[in-house]
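Asks: Dumping the structure here so I can ask a few things about it.
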Amino acid sequence: METANPTQEAHYSFFQGVERNFDKAAKYTRFESGILEQIKACNSVYRMKFPVRIGENIEVIEAYRVQHSHHKLPCKGGIRYSMDVNQDEVMALAALMTYKCAIVNVPFGGAKGGIKINPRKYSAFELEKITRRYASELVKKNFIGPGIDVPAPDYGTGGREMSWIVDTYASLKPGEVDALACVTGKPVTQGGVRGRTEATGLGIFYGIREVCAIKEDMDKIGLTTGIEGKRVIVQGLGNVGYHAAKFFFDAGAIIVGLAEYEGGIYDEKGLNIYDVVDHRKSTGSILGYPGATNFKVSGDTLEQPCDILIPAALENQINGSNAGRIHAKIIGEGANGPLTPDADEILAAKGVIVVPDMYLNAGGVTVSYFEWLKNLSHVRFGRMDKRFSENHFDTMLKSVESLTGKRVSDIERSQILHGPDEVDLVYSGLEDTMIGSYHEIREAFLKLGGKVDMRTAAFTVAIDKVGVSYEELGIFP
Ligand code: GLU
């Protein structure tokens, strides 16, 4: 579950902001205007209303599923539960999924869903009724299925909701052998893959670690290479923000600030993320954490001194009115659309490196792809080769030891002999994806000779991939 507070910039809707960013990049690509228009368009928008009995009353629930692109199938993207859900937001998020999947070479089209409810207002039983009804509406209209459209968790949803969806789908499609692949982000016991829960946060960490590894780029913004000792502020302690903060903390970064909807805390000496979460559990708020300065207005936390800022809550958090007061030299977009186009311009003028959402938070969908593959292959990753690898490593190690007459220590032996478990393979696939995709974006950025920001460079990479796919599909006469 993810939590935070949105603010809206007056003159662009979220979807218009995404279109504006697309247009900035489109002129650097080679495609004719018809192809560009098709890439940009939302192909299918399904708005539904359905009744659910809540206590004594019947509530009419408003919900959406938007499929932005079908150039590759299935379409893919999460489902969010929030009172801010509206058609424009779901369209924008679906479009971002198209570009995100393209950037990390995940062979899916983009989609997104949303139910306009405040999930905190309902009991688990009521949420289950709403979720199952939503899933059956999707089935009725052929908007869900392993080869059609595969939802996943997003803001306000998690493994529990995905279990209800897969169970509803499987009961409406008896005998469908691949039914488990109709949704990802499921608990491991329900066909999920190990490593999916923390995947977005871990992907953010791998991505920023790669950004910080390039000396030439760090020199330009006056930072040293490496994560250790970097001062980090994270907005949002939901699934994405919490895991990102945890991975930074474990790697030796100093978490100086944390912001949630109830307020924010800051301590230049560093906050222990595990203790802050315990404190929030026991008091109901991050405020009042021993030794930290409190910010009643949560957004003020983002304006405190730091090297890296990770907005991992909702869209439009850094906009024309607060971007000028941000100190961070690197902003890593953990959320989808946390910076408005106005903020982009202000930050670019200040020389801030903005690592865009469509790359940086793609860890979730990358591991969703692994989960989908696992479901279609009906076998856990590592099941066939773990033991084989261990036996093979053992033979090699014994040969080396007998040839050299030396023995490695017990700790080294167990490290060398370890064959990969599912989670090792998932982490390794994610790490490789985040590193490889960052270099694709950076290369595009360098090729454009510093004329554009990193978001525009990322868009050019995505447009190239989706555009080629449309060209190769052929357009019906
Ligand atoms: N909701 C996540 C996102 O915005 C994950 C989507 C997925 O796994 O399909 O990227």
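Numbering starts fresh at 1 for the residues of each chain in the structure tokens, the chains themselves are lettered A, B, ... in the order given, and ligands are numbered from 1 as they appear.
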Find the spatial neighbours of segment 172-182 of chain A, counting only C-alpha atoms, within a cut-off of 6 Å - ignore same-chain residues fewer than 3 positions away - and output them as a ChimeraX atom specification.
Replies: /A:145-146,150,169,372,375-376
Asks: Let me have all residues with an atom within 6 Å of ligand 1, counting only C-alpha atoms and all ligand atoms, laid out as a PDB file with N, CA, C and O atoms, in the first residue's frame.
Replies:
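Ended up saving to out.pdb:
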ATOM      1  N   LYS A  76      -0.166  -4.091 -19.912  1.00  0.00           N
ATOM      2  CA  LYS A  76       0.289  -4.303 -18.525  1.00  0.00           C
ATOM      3  C   LYS A  76       0.232  -3.012 -17.744  1.00  0.00           C
ATOM      4  O   LYS A  76       0.590  -1.944 -18.268  1.00  0.00           O
ATOM      5  N   GLY A  77      -0.173  -3.100 -16.500  1.00  0.00           N
ATOM      6  CA  GLY A  77      -0.156  -1.928 -15.629  1.00  0.00           C
ATOM      7  C   GLY A  77      -1.007  -2.155 -14.399  1.00  0.00           C
ATOM      8  O   GLY A  77      -1.906  -2.997 -14.402  1.00  0.00           O
ATOM      9  N   GLY A  78      -0.706  -1.400 -13.354  1.00  0.00           N
ATOM     10  CA  GLY A  78      -1.346  -1.612 -12.057  1.00  0.00           C
ATOM     11  C   GLY A  78      -2.776  -1.120 -11.983  1.00  0.00           C
ATOM     12  O   GLY A  78      -3.327  -0.562 -12.941  1.00  0.00           O
ATOM     13  N   PRO A 151      -3.285  -6.905 -15.029  1.00  0.00           N
ATOM     14  CA  PRO A 151      -3.110  -5.893 -13.983  1.00  0.00           C
ATOM     15  C   PRO A 151      -2.050  -6.268 -12.938  1.00  0.00           C
ATOM     16  O   PRO A 151      -1.467  -7.360 -12.986  1.00  0.00           O
ATOM     17  N   ALA A 152      -1.830  -5.358 -12.012  1.00  0.00           N
ATOM     18  CA  ALA A 152      -0.812  -5.530 -10.963  1.00  0.00           C
ATOM     19  C   ALA A 152      -1.126  -4.535  -9.853  1.00  0.00           C
ATOM     20  O   ALA A 152      -2.016  -3.693 -10.007  1.00  0.00           O
ATOM     21  N   PRO A 153      -0.397  -4.571  -8.753  1.00  0.00           N
ATOM     22  CA  PRO A 153      -0.645  -3.587  -7.690  1.00  0.00           C
ATOM     23  C   PRO A 153      -0.204  -2.187  -8.101  1.00  0.00           C
ATOM     24  O   PRO A 153       0.658  -2.009  -8.964  1.00  0.00           O
ATOM     25  N   ASP A 154      -0.795  -1.207  -7.491  1.00  0.00           N
ATOM     26  CA  ASP A 154      -0.370   0.183  -7.627  1.00  0.00           C
ATOM     27  C   ASP A 154      -0.772   0.864  -6.312  1.00  0.00           C
ATOM     28  O   ASP A 154      -1.043   0.180  -5.316  1.00  0.00           O
ATOM     29  N   ALA A 362      10.575   1.309 -13.047  1.00  0.00           N
ATOM     30  CA  ALA A 362      10.190   0.176 -13.900  1.00  0.00           C
ATOM     31  C   ALA A 362      10.546  -1.182 -13.290  1.00  0.00           C
ATOM     32  O   ALA A 362      10.264  -2.224 -13.884  1.00  0.00           O
ATOM     33  N   GLY A 364       9.146  -2.627 -10.870  1.00  0.00           N
ATOM     34  CA  GLY A 364       7.911  -3.350 -10.568  1.00  0.00           C
ATOM     35  C   GLY A 364       7.438  -4.132 -11.775  1.00  0.00           C
ATOM     36  O   GLY A 364       7.203  -5.343 -11.710  1.00  0.00           O
ATOM     37  N   VAL A 365       7.337  -3.455 -12.902  1.00  0.00           N
ATOM     38  CA  VAL A 365       6.814  -4.148 -14.086  1.00  0.00           C
ATOM     39  C   VAL A 365       7.844  -5.153 -14.628  1.00  0.00           C
ATOM     40  O   VAL A 365       7.479  -6.183 -15.196  1.00  0.00           O
ATOM     41  N   SER A 368       7.242  -8.063 -12.609  1.00  0.00           N
ATOM     42  CA  SER A 368       5.928  -8.588 -13.026  1.00  0.00           C
ATOM     43  C   SER A 368       6.081  -9.458 -14.279  1.00  0.00           C
ATOM     44  O   SER A 368       5.417 -10.482 -14.430  1.00  0.00           O
TER      45      SER A 368
END
Asks: Please list as a ChimeraX atom specification every residue within 9 Å of Glu128 of chain A, counting only C-alpha atoms and excluding residues in the same chain fewer than 5 positions away.
Replies: /A:123,133,160-161,164
Asks: Which polymer residues have any atom within 8 Å of an atom of Gly110 of chain A, counting only C-alpha atoms, with same-chain residues fewer than 4 positions away left out, as a PDB file with all heavy atoms, in the first residue's frame?
Replies:
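Result file follows (part.pdb):
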ATOM      1  N   GLN A  67      -6.363   0.911 -21.759  1.00  0.00           N
ATOM      2  CA  GLN A  67      -5.273   0.252 -22.494  1.00  0.00           C
ATOM      3  C   GLN A  67      -4.709   1.287 -23.450  1.00  0.00           C
ATOM      4  O   GLN A  67      -5.360   1.680 -24.416  1.00  0.00           O
ATOM      5  CB  GLN A  67      -5.816  -0.964 -23.249  1.00  0.00           C
ATOM      6  CG  GLN A  67      -6.340  -2.026 -22.292  1.00  0.00           C
ATOM      7  CD  GLN A  67      -7.050  -3.175 -22.980  1.00  0.00           C
ATOM      8  OE1 GLN A  67      -7.383  -3.096 -24.170  1.00  0.00           O
ATOM      9  NE2 GLN A  67      -7.317  -4.232 -22.243  1.00  0.00           N
ATOM     10  N   HIS A  68      -3.515   1.727 -23.163  1.00  0.00           N
ATOM     11  CA  HIS A  68      -2.931   2.794 -23.970  1.00  0.00           C
ATOM     12  C   HIS A  68      -2.404   2.272 -25.293  1.00  0.00           C
ATOM     13  O   HIS A  68      -2.566   2.898 -26.326  1.00  0.00           O
ATOM     14  CB  HIS A  68      -1.819   3.493 -23.175  1.00  0.00           C
ATOM     15  CG  HIS A  68      -1.076   4.526 -23.972  1.00  0.00           C
ATOM     16  ND1 HIS A  68       0.149   4.268 -24.540  1.00  0.00           N
ATOM     17  CD2 HIS A  68      -1.398   5.786 -24.311  1.00  0.00           C
ATOM     18  CE1 HIS A  68       0.547   5.356 -25.196  1.00  0.00           C
ATOM     19  NE2 HIS A  68      -0.361   6.284 -25.070  1.00  0.00           N
ATOM     20  N   SER A  69      -1.746   1.099 -25.267  1.00  0.00           N
ATOM     21  CA  SER A  69      -1.176   0.613 -26.536  1.00  0.00           C
ATOM     22  C   SER A  69      -1.286  -0.895 -26.661  1.00  0.00           C
ATOM     23  O   SER A  69      -1.214  -1.625 -25.666  1.00  0.00           O
ATOM     24  CB  SER A  69       0.297   1.008 -26.633  1.00  0.00           C
ATOM     25  OG  SER A  69       1.006   0.355 -25.620  1.00  0.00           O
ATOM     26  N   HIS A  70      -1.472  -1.336 -27.904  1.00  0.00           N
ATOM     27  CA  HIS A  70      -1.591  -2.779 -28.197  1.00  0.00           C
ATOM     28  C   HIS A  70      -0.491  -3.237 -29.136  1.00  0.00           C
ATOM     29  O   HIS A  70      -0.628  -4.275 -29.770  1.00  0.00           O
ATOM     30  CB  HIS A  70      -2.957  -3.054 -28.835  1.00  0.00           C
ATOM     31  CG  HIS A  70      -4.115  -2.752 -27.942  1.00  0.00           C
ATOM     32  ND1 HIS A  70      -5.102  -1.860 -28.267  1.00  0.00           N
ATOM     33  CD2 HIS A  70      -4.429  -3.219 -26.714  1.00  0.00           C
ATOM     34  CE1 HIS A  70      -5.988  -1.796 -27.283  1.00  0.00           C
ATOM     35  NE2 HIS A  70      -5.599  -2.608 -26.328  1.00  0.00           N
ATOM     36  N   CYS A  75      -1.375  -6.144 -22.565  1.00  0.00           N
ATOM     37  CA  CYS A  75      -1.140  -4.824 -21.971  1.00  0.00           C
ATOM     38  C   CYS A  75      -0.839  -5.055 -20.494  1.00  0.00           C
ATOM     39  O   CYS A  75      -1.256  -6.061 -19.922  1.00  0.00           O
ATOM     40  CB  CYS A  75      -2.385  -3.958 -22.044  1.00  0.00           C
ATOM     41  SG  CYS A  75      -3.029  -3.773 -23.690  1.00  0.00           S
ATOM     42  N   LYS A  76      -0.166  -4.091 -19.912  1.00  0.00           N
ATOM     43  CA  LYS A  76       0.289  -4.303 -18.525  1.00  0.00           C
ATOM     44  C   LYS A  76       0.232  -3.012 -17.744  1.00  0.00           C
ATOM     45  O   LYS A  76       0.590  -1.944 -18.268  1.00  0.00           O
ATOM     46  CB  LYS A  76       1.743  -4.798 -18.589  1.00  0.00           C
ATOM     47  CG  LYS A  76       2.270  -5.304 -17.287  1.00  0.00           C
ATOM     48  CD  LYS A  76       1.875  -6.745 -17.042  1.00  0.00           C
ATOM     49  CE  LYS A  76       2.193  -7.196 -15.632  1.00  0.00           C
ATOM     50  NZ  LYS A  76       1.218  -6.712 -14.637  1.00  0.00           N
ATOM     51  N   GLY A  77      -0.173  -3.100 -16.500  1.00  0.00           N
ATOM     52  CA  GLY A  77      -0.156  -1.928 -15.629  1.00  0.00           C
ATOM     53  C   GLY A  77      -1.007  -2.155 -14.399  1.00  0.00           C
ATOM     54  O   GLY A  77      -1.906  -2.997 -14.402  1.00  0.00           O
ATOM     55  N   ALA A  94      -1.497   5.001 -17.856  1.00  0.00           N
ATOM     56  CA  ALA A  94      -1.442   3.930 -18.861  1.00  0.00           C
ATOM     57  C   ALA A  94      -0.403   4.273 -19.923  1.00  0.00           C
ATOM     58  O   ALA A  94       0.376   3.414 -20.363  1.00  0.00           O
ATOM     59  CB  ALA A  94      -2.811   3.734 -19.499  1.00  0.00           C
ATOM     60  N   ALA A  95      -0.380   5.543 -20.330  1.00  0.00           N
ATOM     61  CA  ALA A  95       0.603   5.962 -21.335  1.00  0.00           C
ATOM     62  C   ALA A  95       2.022   5.769 -20.791  1.00  0.00           C
ATOM     63  O   ALA A  95       2.903   5.233 -21.479  1.00  0.00           O
ATOM     64  CB  ALA A  95       0.371   7.428 -21.700  1.00  0.00           C
ATOM     65  N   LEU A  96       2.230   6.162 -19.533  1.00  0.00           N
ATOM     66  CA  LEU A  96       3.567   5.990 -18.948  1.00  0.00           C
ATOM     67  C   LEU A  96       3.982   4.518 -18.943  1.00  0.00           C
ATOM     68  O   LEU A  96       5.156   4.192 -19.100  1.00  0.00           O
ATOM     69  CB  LEU A  96       3.615   6.567 -17.524  1.00  0.00           C
ATOM     70  CG  LEU A  96       3.660   8.096 -17.435  1.00  0.00           C
ATOM     71  CD1 LEU A  96       3.539   8.555 -15.981  1.00  0.00           C
ATOM     72  CD2 LEU A  96       4.956   8.647 -18.042  1.00  0.00           C
ATOM     73  N   MET A  97       2.994   3.625 -18.769  1.00  0.00           N
ATOM     74  CA  MET A  97       3.315   2.183 -18.780  1.00  0.00           C
ATOM     75  C   MET A  97       3.843   1.743 -20.141  1.00  0.00           C
ATOM     76  O   MET A  97       4.738   0.900 -20.228  1.00  0.00           O
ATOM     77  CB  MET A  97       2.087   1.338 -18.408  1.00  0.00           C
ATOM     78  CG  MET A  97       1.680   1.346 -16.953  1.00  0.00           C
ATOM     79  SD  MET A  97       2.963   0.970 -15.747  1.00  0.00           S
ATOM     80  CE  MET A  97       3.492  -0.659 -16.255  1.00  0.00           C
ATOM     81  N   THR A  98       3.273   2.301 -21.219  1.00  0.00           N
ATOM     82  CA  THR A  98       3.761   1.944 -22.560  1.00  0.00           C
ATOM     83  C   THR A  98       5.247   2.274 -22.678  1.00  0.00           C
ATOM     84  O   THR A  98       6.062   1.448 -23.114  1.00  0.00           O
ATOM     85  CB  THR A  98       2.991   2.757 -23.629  1.00  0.00           C
ATOM     86  OG1 THR A  98       1.624   2.368 -23.588  1.00  0.00           O
ATOM     87  CG2 THR A  98       3.550   2.515 -25.025  1.00  0.00           C
ATOM     88  N   TYR A  99       5.597   3.504 -22.273  1.00  0.00           N
ATOM     89  CA  TYR A  99       6.982   3.956 -22.420  1.00  0.00           C
ATOM     90  C   TYR A  99       7.907   3.203 -21.462  1.00  0.00           C
ATOM     91  O   TYR A  99       9.047   2.869 -21.788  1.00  0.00           O
ATOM     92  CB  TYR A  99       7.057   5.481 -22.222  1.00  0.00           C
ATOM     93  CG  TYR A  99       6.031   6.189 -23.091  1.00  0.00           C
ATOM     94  CD1 TYR A  99       5.092   7.061 -22.569  1.00  0.00           C
ATOM     95  CD2 TYR A  99       5.969   5.911 -24.465  1.00  0.00           C
ATOM     96  CE1 TYR A  99       4.129   7.658 -23.371  1.00  0.00           C
ATOM     97  CE2 TYR A  99       5.003   6.495 -25.275  1.00  0.00           C
ATOM     98  CZ  TYR A  99       4.083   7.367 -24.723  1.00  0.00           C
ATOM     99  OH  TYR A  99       3.123   7.935 -25.511  1.00  0.00           O
ATOM    100  N   CYS A 101       7.527   0.111 -20.239  1.00  0.00           N
ATOM    101  CA  CYS A 101       7.789  -1.255 -20.707  1.00  0.00           C
ATOM    102  C   CYS A 101       8.807  -1.225 -21.843  1.00  0.00           C
ATOM    103  O   CYS A 101       9.712  -2.065 -21.906  1.00  0.00           O
ATOM    104  CB  CYS A 101       6.501  -1.928 -21.179  1.00  0.00           C
ATOM    105  SG  CYS A 101       5.377  -2.311 -19.836  1.00  0.00           S
TER     106      CYS A 101
END
Asks: Please identify which residues in segment 206-252 of chain A DSSP calls strand (DSSP E) from the backbone, and express them as number ranges by chain.
Replies: A: 231-235
Asks: Selected residues, N, CA and C atoms, written as a short mmCIF file (atom, residue, chain, number, x, y, z; two decimals), in the first residue's frame, please.
Replies:
data_model
loop_
_atom_site.label_atom_id
_atom_site.label_comp_id
_atom_site.auth_asym_id
_atom_site.auth_seq_id
_atom_site.Cartn_x
_atom_site.Cartn_y
_atom_site.Cartn_z
N ARG A 231 23.34 11.91 1.12
CA ARG A 231 22.19 12.30 1.94
C ARG A 231 20.91 12.17 1.11
N VAL A 232 19.98 11.39 1.62
CA VAL A 232 18.79 11.05 0.82
C VAL A 232 17.51 11.47 1.56
N ILE A 233 16.57 12.06 0.82
CA ILE A 233 15.21 12.30 1.35
C ILE A 233 14.23 11.46 0.53
N VAL A 234 13.35 10.76 1.21
CA VAL A 234 12.36 9.93 0.51
C VAL A 234 10.95 10.44 0.87
N GLN A 235 10.14 10.65 -0.13
CA GLN A 235 8.73 11.01 0.11
C GLN A 235 7.87 9.79 -0.13
#
Asks: A:Ala323, A:Leu271, A:Ile39, A:Ile435: which is nearest Phe22 of chain A, counting only C-alpha atoms?
Replies: A:Ile39
Asks: What separation in Å, quoted to one decimal, exists between atom CA of Asp342 of chain A and atom CA of Leu93 of chain A?
Replies: 18.6 Å
Asks: Residues at most 8 Å from Phe15 of chain A, counting only C-alpha atoms, excluding those fewer than 5 positions away in the same chain, as JSON, numbers by chain?
Replies: {"A": [88, 89, 91, 92, 93]}
Asks: Which residue gives the smallest distance to Ile273 of chain A among A:Lys186, A:Lys27, A:His243, A:Lys100, with only C-alpha atoms counted?
Replies: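 The shortest atom-to-atom distance to Ile273 of chain A comes from A:His243.
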